[in-house]
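Below is run.cif, which holds mmCIF, C-alpha atoms and all ligand atoms.
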data_query
#
loop_
_atom_site.label_atom_id
_atom_site.label_comp_id
_atom_site.auth_asym_id
_atom_site.auth_seq_id
_atom_site.Cartn_x
_atom_site.Cartn_y
_atom_site.Cartn_z
CA SER A 1 -84.33 38.26 83.97
CA PHE A 2 -82.93 34.72 84.50
CA LYS A 3 -79.91 34.27 82.19
CA TYR A 4 -78.10 31.20 80.94
CA ARG A 5 -74.70 31.96 79.40
CA GLY A 6 -75.83 35.39 78.23
CA GLU A 7 -79.18 34.28 76.82
CA PRO A 8 -82.57 34.32 78.49
CA ILE A 9 -83.32 30.60 78.82
CA SER A 10 -86.91 31.27 77.73
CA ASN A 11 -85.54 32.11 74.26
CA GLN A 12 -83.85 28.73 74.08
CA VAL A 13 -86.41 26.28 75.30
CA GLU A 14 -89.90 26.60 73.91
CA ASP A 15 -91.50 24.37 76.52
CA LEU A 16 -89.96 26.33 79.38
CA LYS A 17 -91.30 29.56 77.89
CA ASN A 18 -94.77 28.04 77.98
CA LEU A 19 -94.21 27.04 81.57
CA ILE A 20 -93.12 30.57 82.59
CA GLU A 21 -96.21 32.04 80.92
CA TYR A 22 -98.36 29.41 82.56
CA ARG A 23 -96.99 30.30 86.00
CA LYS A 24 -97.55 34.02 85.34
CA SER A 25 -101.12 33.41 84.32
CA LYS A 26 -101.83 30.91 87.08
CA THR A 27 -104.32 33.24 88.75
CA SER A 28 -105.92 34.44 85.51
CA GLU A 29 -108.86 32.68 83.89
CA GLU A 30 -107.16 31.91 80.58
CA LYS A 31 -104.33 29.39 80.55
CA PRO A 32 -101.81 29.14 77.67
CA ASN A 33 -101.82 26.09 75.43
CA LEU A 34 -99.22 23.76 76.97
CA GLU A 35 -99.05 21.38 74.05
CA ILE A 36 -95.40 20.20 73.80
CA LYS A 37 -93.74 21.27 70.58
CA ARG A 38 -91.12 18.84 69.33
CA LEU A 39 -87.73 20.51 68.93
CA LYS A 40 -86.39 20.27 65.41
CA LYS A 41 -83.51 17.81 65.25
CA THR A 42 -80.40 19.87 64.58
CA ARG A 43 -77.64 17.87 66.25
CA PHE A 44 -75.86 14.60 65.56
CA LYS A 45 -75.95 14.87 61.80
CA VAL A 46 -74.99 11.73 59.89
CA ILE A 47 -71.93 12.50 57.77
CA SER A 48 -71.79 9.02 56.23
CA ASN A 49 -73.05 5.50 56.81
CA ASN A 50 -71.44 2.80 54.67
CA GLU A 51 -71.57 -0.98 54.71
CA ILE A 52 -67.85 -1.79 54.73
CA ALA A 53 -68.20 -5.57 55.08
CA ILE A 54 -71.29 -7.77 55.04
CA ASN A 55 -73.53 -6.53 57.88
CA PHE A 56 -70.79 -4.21 59.25
CA PHE A 57 -71.28 -0.46 58.92
CA GLN A 58 -69.05 2.55 59.41
CA LEU A 59 -71.14 5.41 60.78
CA VAL A 60 -69.64 8.91 61.00
CA ILE A 61 -71.61 11.44 63.05
CA GLU A 62 -71.16 15.14 63.73
CA ALA A 63 -70.69 15.34 67.51
CA PRO A 64 -68.01 17.98 68.24
CA LEU A 65 -68.28 17.95 72.03
CA ILE A 66 -67.94 14.15 72.17
CA ALA A 67 -65.04 14.23 69.68
CA ARG A 68 -63.25 16.73 71.91
CA LYS A 69 -63.42 14.48 74.98
CA ALA A 70 -63.21 10.97 73.49
CA LYS A 71 -60.48 8.62 74.74
CA PRO A 72 -59.64 5.00 73.83
CA GLY A 73 -62.07 2.64 75.58
CA ASN A 74 -65.00 5.12 75.62
CA PHE A 75 -68.44 4.51 74.14
CA ILE A 76 -71.62 6.42 73.39
CA ILE A 77 -75.29 5.49 73.66
CA LEU A 78 -77.35 6.58 70.69
CA MET A 79 -81.02 6.65 69.80
CA LYS A 80 -82.10 6.87 66.19
CA GLU A 81 -85.59 8.18 66.97
CA GLU A 82 -87.31 9.32 70.13
CA ILE A 83 -88.95 5.89 70.46
CA SER A 84 -85.85 3.87 69.52
CA GLU A 85 -83.89 1.55 71.80
CA ARG A 86 -80.72 2.99 73.31
CA ILE A 87 -77.71 1.39 71.60
CA PRO A 88 -74.23 1.40 73.17
CA LEU A 89 -71.44 1.63 70.57
CA THR A 90 -67.70 2.08 71.00
CA ILE A 91 -66.10 5.30 69.78
CA SER A 92 -63.60 3.88 67.30
CA ASP A 93 -62.19 7.14 65.99
CA TRP A 94 -62.72 10.88 66.34
CA ASN A 95 -61.68 14.07 64.59
CA THR A 96 -61.55 17.18 66.75
CA VAL A 97 -61.08 19.48 63.74
CA LYS A 98 -64.11 18.20 61.84
CA GLY A 99 -66.01 17.55 65.08
CA THR A 100 -66.92 13.99 64.10
CA ILE A 101 -66.88 10.57 65.73
CA THR A 102 -66.64 7.24 63.90
CA LEU A 103 -68.55 4.15 65.00
CA TYR A 104 -68.48 0.63 63.57
CA PHE A 105 -71.63 -1.38 64.12
CA GLN A 106 -72.73 -4.86 63.28
CA GLU A 107 -76.34 -5.47 62.33
CA ALA A 108 -77.02 -7.80 65.26
CA GLY A 109 -80.75 -7.39 65.81
CA TYR A 110 -83.68 -5.03 65.34
CA SER A 111 -82.17 -1.80 66.67
CA THR A 112 -78.88 -2.02 64.82
CA MET A 113 -80.87 -2.98 61.71
CA GLU A 114 -82.72 0.35 62.06
CA LEU A 115 -79.37 2.17 61.90
CA THR A 116 -78.53 0.65 58.53
CA ASP A 117 -81.14 2.93 56.90
CA LEU A 118 -79.42 6.14 58.02
CA ASN A 119 -78.32 8.38 55.16
CA THR A 120 -75.97 11.33 54.90
CA GLY A 121 -77.78 14.42 56.18
CA ASP A 122 -80.11 12.53 58.54
CA TYR A 123 -80.09 13.43 62.23
CA LEU A 124 -80.06 11.12 65.23
CA TYR A 125 -82.43 11.78 68.11
CA SER A 126 -79.67 11.57 70.72
CA VAL A 127 -76.05 10.62 71.26
CA VAL A 128 -74.78 10.54 74.85
CA GLY A 129 -71.10 10.32 75.66
CA PRO A 130 -68.28 9.81 75.98
CA LEU A 131 -69.22 7.13 78.51
CA GLY A 132 -67.05 4.56 80.27
CA ASN A 133 -63.58 4.81 81.72
CA ASP A 134 -60.47 5.72 79.78
CA ILE A 135 -57.99 2.93 79.33
CA GLU A 136 -54.44 3.30 80.66
CA ILE A 137 -52.14 4.16 77.77
CA LYS A 138 -48.40 3.79 78.38
CA ASN A 139 -45.45 1.77 77.15
CA PHE A 140 -45.99 -1.74 78.54
CA GLY A 141 -43.64 -3.44 76.06
CA THR A 142 -45.32 -5.99 73.79
CA VAL A 143 -49.09 -5.75 73.68
CA LEU A 144 -51.63 -7.96 71.96
CA LEU A 145 -54.92 -6.58 70.67
CA ALA A 146 -57.48 -9.04 69.37
CA GLY A 147 -60.81 -8.19 67.79
CA GLY A 148 -63.67 -10.30 66.52
CA CYS A 149 -66.99 -9.13 65.00
CA TYR A 150 -67.63 -5.52 66.02
CA GLY A 151 -64.49 -5.78 68.17
CA ASN A 152 -62.27 -5.17 65.13
CA GLY A 153 -63.49 -1.57 65.11
CA ALA A 154 -63.62 -1.27 68.90
CA ILE A 155 -60.03 -2.42 69.45
CA TYR A 156 -58.62 -0.01 66.85
CA PRO A 157 -58.37 3.19 68.97
CA ILE A 158 -56.66 1.24 71.76
CA ALA A 159 -54.16 -0.30 69.32
CA LYS A 160 -53.46 3.10 67.76
CA ALA A 161 -52.93 4.79 71.14
CA LEU A 162 -50.69 1.99 72.47
CA LYS A 163 -48.60 2.13 69.30
CA SER A 164 -48.22 5.91 69.58
CA VAL A 165 -46.47 5.58 72.96
CA GLY A 166 -43.95 3.03 71.72
CA ASN A 167 -45.44 -0.41 72.39
CA LYS A 168 -44.73 -3.32 70.07
CA VAL A 169 -48.25 -3.97 68.79
CA ILE A 170 -49.45 -7.43 67.80
CA VAL A 171 -52.94 -7.66 66.36
CA ILE A 172 -55.26 -10.63 65.87
CA LEU A 173 -58.27 -10.10 63.62
CA GLU A 174 -60.78 -12.92 63.81
CA ALA A 175 -63.83 -13.55 61.60
CA ARG A 176 -65.87 -16.41 60.20
CA ASN A 177 -64.90 -15.57 56.64
CA GLU A 178 -62.50 -13.17 54.86
CA ASN A 179 -65.42 -11.03 53.63
CA LEU A 180 -66.17 -10.03 57.21
CA PHE A 181 -62.87 -8.22 57.81
CA TYR A 182 -62.68 -4.43 57.72
CA LEU A 183 -60.10 -1.78 58.74
CA GLU A 184 -57.33 -4.09 57.50
CA GLU A 185 -55.25 -1.27 55.98
CA GLU A 186 -55.52 0.84 59.13
CA PHE A 187 -54.39 -2.10 61.29
CA GLU A 188 -51.52 -2.95 58.91
CA GLU A 189 -50.24 0.61 59.39
CA ILE A 190 -50.05 0.46 63.19
CA SER A 191 -49.16 -3.21 63.80
CA ASP A 192 -45.74 -4.80 64.16
CA LEU A 193 -47.38 -8.16 63.47
CA ILE A 194 -50.91 -8.92 62.33
CA VAL A 195 -52.45 -12.40 62.44
CA TYR A 196 -55.66 -13.09 60.52
CA CYS A 197 -57.81 -15.99 61.59
CA THR A 198 -60.99 -17.27 59.91
CA SER A 199 -63.32 -20.13 60.87
CA ASP A 200 -63.37 -21.37 57.25
CA GLY A 201 -59.67 -20.76 56.54
CA SER A 202 -60.44 -18.27 53.74
CA LYS A 203 -57.82 -15.84 55.13
CA GLY A 204 -54.88 -16.48 57.47
CA LEU A 205 -55.07 -19.26 60.03
CA LYS A 206 -58.05 -21.60 60.02
CA GLY A 207 -59.69 -21.56 63.43
CA LYS A 208 -60.76 -19.22 66.19
CA ILE A 209 -59.04 -17.04 68.77
CA LEU A 210 -57.25 -19.96 70.49
CA THR A 211 -55.63 -21.03 67.20
CA ALA A 212 -54.27 -17.51 66.74
CA LEU A 213 -53.06 -17.31 70.36
CA GLU A 214 -51.30 -20.67 70.08
CA HIS A 215 -49.66 -19.47 66.86
CA ILE A 216 -48.30 -16.36 68.59
CA THR A 217 -47.05 -18.35 71.59
CA SER A 218 -45.36 -20.87 69.27
CA GLN A 219 -43.32 -17.99 67.78
CA GLY A 220 -41.77 -17.45 71.22
CA ILE A 221 -43.36 -13.99 71.60
CA ASN A 222 -43.76 -12.87 75.22
CA LEU A 223 -46.78 -10.68 75.81
CA ASP A 224 -46.83 -7.99 78.49
CA ARG A 225 -50.55 -7.23 78.09
CA ALA A 226 -53.50 -8.47 76.10
CA TYR A 227 -56.80 -6.84 75.12
CA PHE A 228 -59.76 -8.71 73.62
CA ILE A 229 -62.98 -7.25 72.22
CA GLY A 230 -65.57 -9.38 70.48
CA CYS A 231 -68.29 -11.84 71.36
CA THR A 232 -68.42 -12.97 74.98
CA TYR A 233 -67.28 -16.54 74.13
CA MET A 234 -64.19 -15.20 72.39
CA MET A 235 -63.30 -12.95 75.34
CA ARG A 236 -63.83 -15.75 77.87
CA ASP A 237 -61.77 -18.33 75.93
CA ALA A 238 -58.97 -15.84 75.36
CA SER A 239 -58.92 -14.79 79.03
CA ASP A 240 -58.74 -18.45 80.14
CA TYR A 241 -55.83 -18.98 77.76
CA THR A 242 -53.80 -15.96 78.94
CA LYS A 243 -54.42 -16.97 82.57
CA GLU A 244 -53.03 -20.44 81.93
CA SER A 245 -50.15 -19.02 79.86
CA GLY A 246 -48.40 -17.19 82.68
CA ASN A 247 -51.18 -14.90 83.90
CA ILE A 248 -50.64 -12.28 81.19
CA PRO A 249 -52.53 -9.12 82.29
CA THR A 250 -55.72 -9.31 80.22
CA PHE A 251 -58.47 -6.79 79.55
CA VAL A 252 -61.82 -7.27 77.87
CA SER A 253 -64.54 -4.78 76.93
CA LEU A 254 -67.88 -6.17 78.04
CA ASN A 255 -70.96 -5.85 75.85
CA THR A 256 -73.51 -6.29 78.61
CA ILE A 257 -77.07 -5.15 78.02
CA MET A 258 -77.28 -1.46 78.89
CA ILE A 259 -80.12 1.00 79.23
CA ASP A 260 -79.27 4.30 80.92
CA GLY A 261 -75.46 4.02 80.90
CA THR A 262 -75.22 6.00 84.14
CA GLY A 263 -75.24 3.28 86.79
CA MET A 264 -78.93 3.73 87.69
CA CYS A 265 -80.86 0.88 86.04
CA GLY A 266 -78.64 -2.05 87.03
CA CYS A 267 -79.07 -3.75 83.66
CA CYS A 268 -75.33 -4.01 83.02
CA ARG A 269 -74.53 -5.59 86.39
CA LEU A 270 -71.76 -8.18 86.53
CA THR A 271 -69.67 -9.90 89.17
CA LEU A 272 -65.90 -9.81 89.54
CA ILE A 273 -64.06 -12.32 91.68
CA GLN A 274 -61.19 -10.59 93.46
CA ASP A 275 -59.15 -12.55 96.06
CA GLY A 276 -61.97 -15.09 96.32
CA LYS A 277 -64.59 -12.38 97.05
CA GLU A 278 -67.48 -11.57 94.74
CA ILE A 279 -67.78 -7.87 93.92
CA THR A 280 -70.69 -6.28 92.05
CA LYS A 281 -69.81 -3.91 89.22
CA PHE A 282 -71.70 -2.03 86.53
CA ALA A 283 -70.21 -2.16 83.05
CA CYS A 284 -71.36 1.36 82.14
CA ILE A 285 -69.69 3.23 84.99
CA ASP A 286 -67.04 0.81 86.27
CA GLY A 287 -66.05 -0.45 82.80
CA PRO A 288 -66.72 -1.34 80.11
CA ILE A 289 -63.13 -2.66 80.22
CA PHE A 290 -62.36 -5.16 83.00
CA ASN A 291 -59.65 -7.59 84.02
CA GLY A 292 -60.61 -10.70 82.00
CA HIS A 293 -59.26 -13.03 84.71
CA GLN A 294 -61.71 -11.74 87.33
CA ILE A 295 -65.03 -11.98 85.49
CA LYS A 296 -67.70 -14.42 86.60
CA TRP A 297 -68.38 -15.51 83.03
CA ASP A 298 -71.28 -17.94 83.62
CA GLU A 299 -73.36 -15.23 85.24
CA LEU A 300 -72.49 -12.80 82.44
CA PHE A 301 -73.66 -15.29 79.80
CA SER A 302 -76.98 -15.92 81.50
CA ARG A 303 -77.64 -12.19 82.09
CA ASN A 304 -76.87 -11.38 78.44
CA GLU A 305 -79.25 -14.09 77.26
CA ARG A 306 -82.23 -12.96 79.33
CA PHE A 307 -84.01 -11.13 76.48
CA GLU A 308 -82.91 -13.49 73.72
CA GLU A 309 -86.41 -14.73 72.86
CA PRO A 310 -88.01 -11.30 72.21
CA GLU A 311 -84.79 -10.06 70.55
CA ILE A 312 -84.85 -12.91 68.07
CA SER A 313 -88.59 -12.69 67.51
CA ILE A 314 -88.63 -8.94 66.71
CA TYR A 315 -85.61 -9.31 64.43
CA GLN A 316 -87.13 -12.24 62.55
CA THR A 317 -90.30 -10.34 61.74
CA HIS A 318 -88.08 -8.09 59.62
CA SER A 319 -86.05 -9.33 56.68
CA CYS A 320 -82.26 -9.64 56.85
CA LYS A 321 -80.39 -7.41 54.40
CA ALA A 322 -77.62 -9.96 53.82
CA ILE A 323 -80.18 -12.64 52.86
CA GLU A 324 -81.99 -10.17 50.58
CA LYS A 325 -78.70 -9.37 48.86
CA PHE A 326 -77.80 -13.05 48.58
CA ASN A 327 -81.22 -13.87 47.07
CA ALA A 328 -80.80 -10.99 44.62
CA GLY A 329 -77.43 -12.45 43.58
CA ASP A 330 -75.49 -9.40 44.84
CA ILE A 331 -73.21 -11.45 47.13
CA ASP A 332 -71.77 -14.96 47.01
CA GLU A 333 -72.58 -17.64 49.58
C1 LIG A 401 -69.99 -0.72 75.96
C2 LIG A 401 -70.51 -1.38 74.71
C3 LIG A 401 -69.92 -1.08 73.50
C4 LIG A 401 -70.40 -1.68 72.33
N1 LIG A 401 -69.79 -1.35 71.16
C5 LIG A 401 -70.27 -1.85 70.01
C6 LIG A 401 -69.72 -1.46 68.76
O1 LIG A 401 -68.79 -0.64 68.69
N2 LIG A 401 -70.24 -2.00 67.63
C7 LIG A 401 -71.28 -2.91 67.68
O2 LIG A 401 -71.71 -3.38 66.62
N3 LIG A 401 -71.83 -3.30 68.85
C8 LIG A 401 -71.36 -2.79 70.01
N4 LIG A 401 -71.94 -3.17 71.20
C9 LIG A 401 -73.07 -4.13 71.18
C10 LIG A 401 -74.34 -3.43 70.70
O3 LIG A 401 -74.71 -2.43 71.62
C11 LIG A 401 -75.47 -4.45 70.53
O4 LIG A 401 -75.11 -5.32 69.48
C12 LIG A 401 -76.78 -3.78 70.18
O5 LIG A 401 -77.28 -3.04 71.27
C13 LIG A 401 -77.77 -4.86 69.81
O6 LIG A 401 -79.06 -4.30 69.60
P1 LIG A 401 -80.05 -4.96 68.56
O7 LIG A 401 -81.44 -4.56 68.90
O8 LIG A 401 -79.60 -4.67 67.18
O9 LIG A 401 -79.87 -6.48 68.78
P2 LIG A 401 -80.65 -7.38 69.84
O10 LIG A 401 -81.56 -8.25 69.10
O11 LIG A 401 -81.25 -6.54 70.90
O12 LIG A 401 -79.50 -8.19 70.49
C14 LIG A 401 -78.45 -8.83 69.83
C15 LIG A 401 -77.44 -9.14 70.90
O13 LIG A 401 -76.97 -7.90 71.44
C16 LIG A 401 -77.05 -7.88 72.85
N5 LIG A 401 -77.83 -6.69 73.26
C17 LIG A 401 -79.15 -6.49 73.10
N6 LIG A 401 -79.54 -5.28 73.57
C18 LIG A 401 -78.43 -4.71 74.05
C19 LIG A 401 -78.17 -3.47 74.68
N7 LIG A 401 -79.13 -2.56 74.89
N8 LIG A 401 -76.91 -3.22 75.06
C20 LIG A 401 -75.93 -4.08 74.83
N9 LIG A 401 -76.11 -5.26 74.22
C21 LIG A 401 -77.33 -5.59 73.86
C22 LIG A 401 -77.78 -9.11 73.32
O14 LIG A 401 -76.97 -9.79 74.26
C23 LIG A 401 -78.00 -9.94 72.06
O15 LIG A 401 -77.27 -11.13 72.14
C24 LIG A 401 -71.49 -2.60 72.38
C25 LIG A 401 -72.08 -2.90 73.61
C26 LIG A 401 -71.61 -2.29 74.76
C27 LIG A 401 -72.25 -2.58 76.07
S1 LIG A 402 -76.67 0.62 81.94
FE1 LIG A 402 -77.91 1.01 83.63
S2 LIG A 402 -76.60 0.64 85.30
FE2 LIG A 402 -75.32 0.38 83.59
#
As structure tokens - that is how I would like this structure written.
Amino acid sequence: SFKYRGEPISNQVEDLKNLIEYRKSKTSEEKPNLEIKRLKKTRFKVISNNEIAINFFQLVIEAPLIARKAKPGNFIILMKEEISERIPLTISDWNTVKGTITLYFQEAGYSTMELTDLNTGDYLYSVVGPLGNDIEIKNFGTVLLAGGCYGNGAIYPIAKALKSVGNKVIVILEARNENLFYLEEEFEEISDLIVYCTSDGSKGLKGKILTALEHITSQGINLDRAYFIGCTYMMRDASDYTKESGNIPTFVSLNTIMIDGTGMCGCCRLTLIQDGKEITKFACIDGPIFNGHQIKWDELFSRNERFEEPEISIYQTHSCKAIEKFNAGDIDE
């Protein structure tokens, strides 16, 4: 007689049905077979998964409930299979009508490499979200949004939202080479000024984030806020720069190692320094976006590197798709 939103729960969950029968027959001689039946995967369908730049993929997933609640700054944690690692990825776009979310991921190691094989029509084992705190969206004046690596995709929803409320939006896109840029057209549409920066000078300025920041400062542009998403070195260097350049309010989205994403495991722990005092935070529930001027960067680096050896070793036992393509002559050096 127990009902869950109009349906007997025993109709919904096969394992629970077994359990109810088991309880009923507890006193009888014969016990039902309690073998767990795997539920057929019917949620989180892959709509598309395309390599949009070398080793960067755009993954669109059917996840209507997440699409309905997503806000700039949020992320999800997904698992490809039941035995897969949990991977945190930023929600870069969402469509409430189609019920889809868009993620951009970089093949960084073994688990993200596993995602590259996903095809249209496949299903993911789980997608949890939206996680993380929403970012404050209002008219601050002139805002800078800088992305490097996967950060180009992650910074996009924040840039779009800040533009929609009237900010003057300046964007820096940073990469090692011009072939690693993506979402350029989308950024061109929402930016008042866009600065490209490559390590090899193949597009825009030659250099890294500091070169681009110096370029913007040299134009006499005053920034009211700055957001940086990319590798930890990029976010640290940029935060140091904005601190020295008049303490411009600066926010970074931390890519700490995460497991549960609910504040229980402690894996994503970091330290903020506020008024000289050290304060413990968890990136999954207190962030992932933090004041870049308060982060204890050295500790963050060492915590992020603690599994580097096994990460590299498991990745190296599998072949890299970019190298395979290069060897096959499909891409240039
Ligand atoms: C809130 C958040 C949002 C993120 N958004 C994106 C995104 O939009 N696109 C994207 O490409 N990447 C994103 N990342 C990083 C992404 O989760 C990692 O690159 C991925 O988990 C690496 O797994 P791997 O097995 O492929 O690589 P690994 O070989 O495990 O590691 C490669 C690097 O990733 C880091 N890493 C390893 N495991 C984890 C983990 N479980 N959680 C976080 N970092 C880890 C390590 O520091 C290592 O340097 C995000 C991370 C966080 C915390
Ligand atoms: S991921 Fe476990 S506490 Fe944040």
Neighbourhood of ligand LIG 402 (chain A) at 6 Å, counting all atoms listed in the file, reported as a PyMOL selection string: chain A and resi 258-268+282-284
Print the selection's residues with C-alpha atoms to a file, as a CSV table (one decimal), keeping the file's coordinate frame.
chain,number,residue,atom,x,y,z
A,258,MET,CA,-77.3,-1.5,78.9
A,259,ILE,CA,-80.1,1.0,79.2
A,260,ASP,CA,-79.3,4.3,80.9
A,261,GLY,CA,-75.5,4.0,80.9
A,262,THR,CA,-75.2,6.0,84.1
A,263,GLY,CA,-75.2,3.3,86.8
A,264,MET,CA,-78.9,3.7,87.7
A,265,CYS,CA,-80.9,0.9,86.0
A,266,GLY,CA,-78.6,-2.0,87.0
A,267,CYS,CA,-79.1,-3.8,83.7
A,268,CYS,CA,-75.3,-4.0,83.0
A,282,PHE,CA,-71.7,-2.0,86.5
A,283,ALA,CA,-70.2,-2.2,83.0
A,284,CYS,CA,-71.4,1.4,82.1
Ligand LIG 401 (chain A) neighbours within 8 Å using all atoms listed in the file, as a PyMOL selection string: chain A and resi 56+74-76+85-92+103-114+132+149-151+153-154+253-259+268+283-284+287-288+304-308+310-312+314-315
Neighbour list for A:Leu300 as a PyMOL selection string, cut-off 8 Å, all atoms listed in the file, skip fewer than 2 positions in-chain: chain A and resi 256+270-271+296-298+302-304
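Shortest separation to A:Thr232 among A:Leu59, A:Leu180, A:Ile295, A:Leu118 occurs at residue A:Ile295, atoms counted being only C-alpha atoms.
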Using only C-alpha atoms: which of A:Ile229, A:Val127, A:Cys197, A:Met79 has the shortest distance to A:Glu214: A:Cys197
Nearest to A:Cys231, chosen from A:Pro157, A:Gly147, A:Gly246, A:Gly204, with all atoms listed in the file counted in the distances: A:Gly147
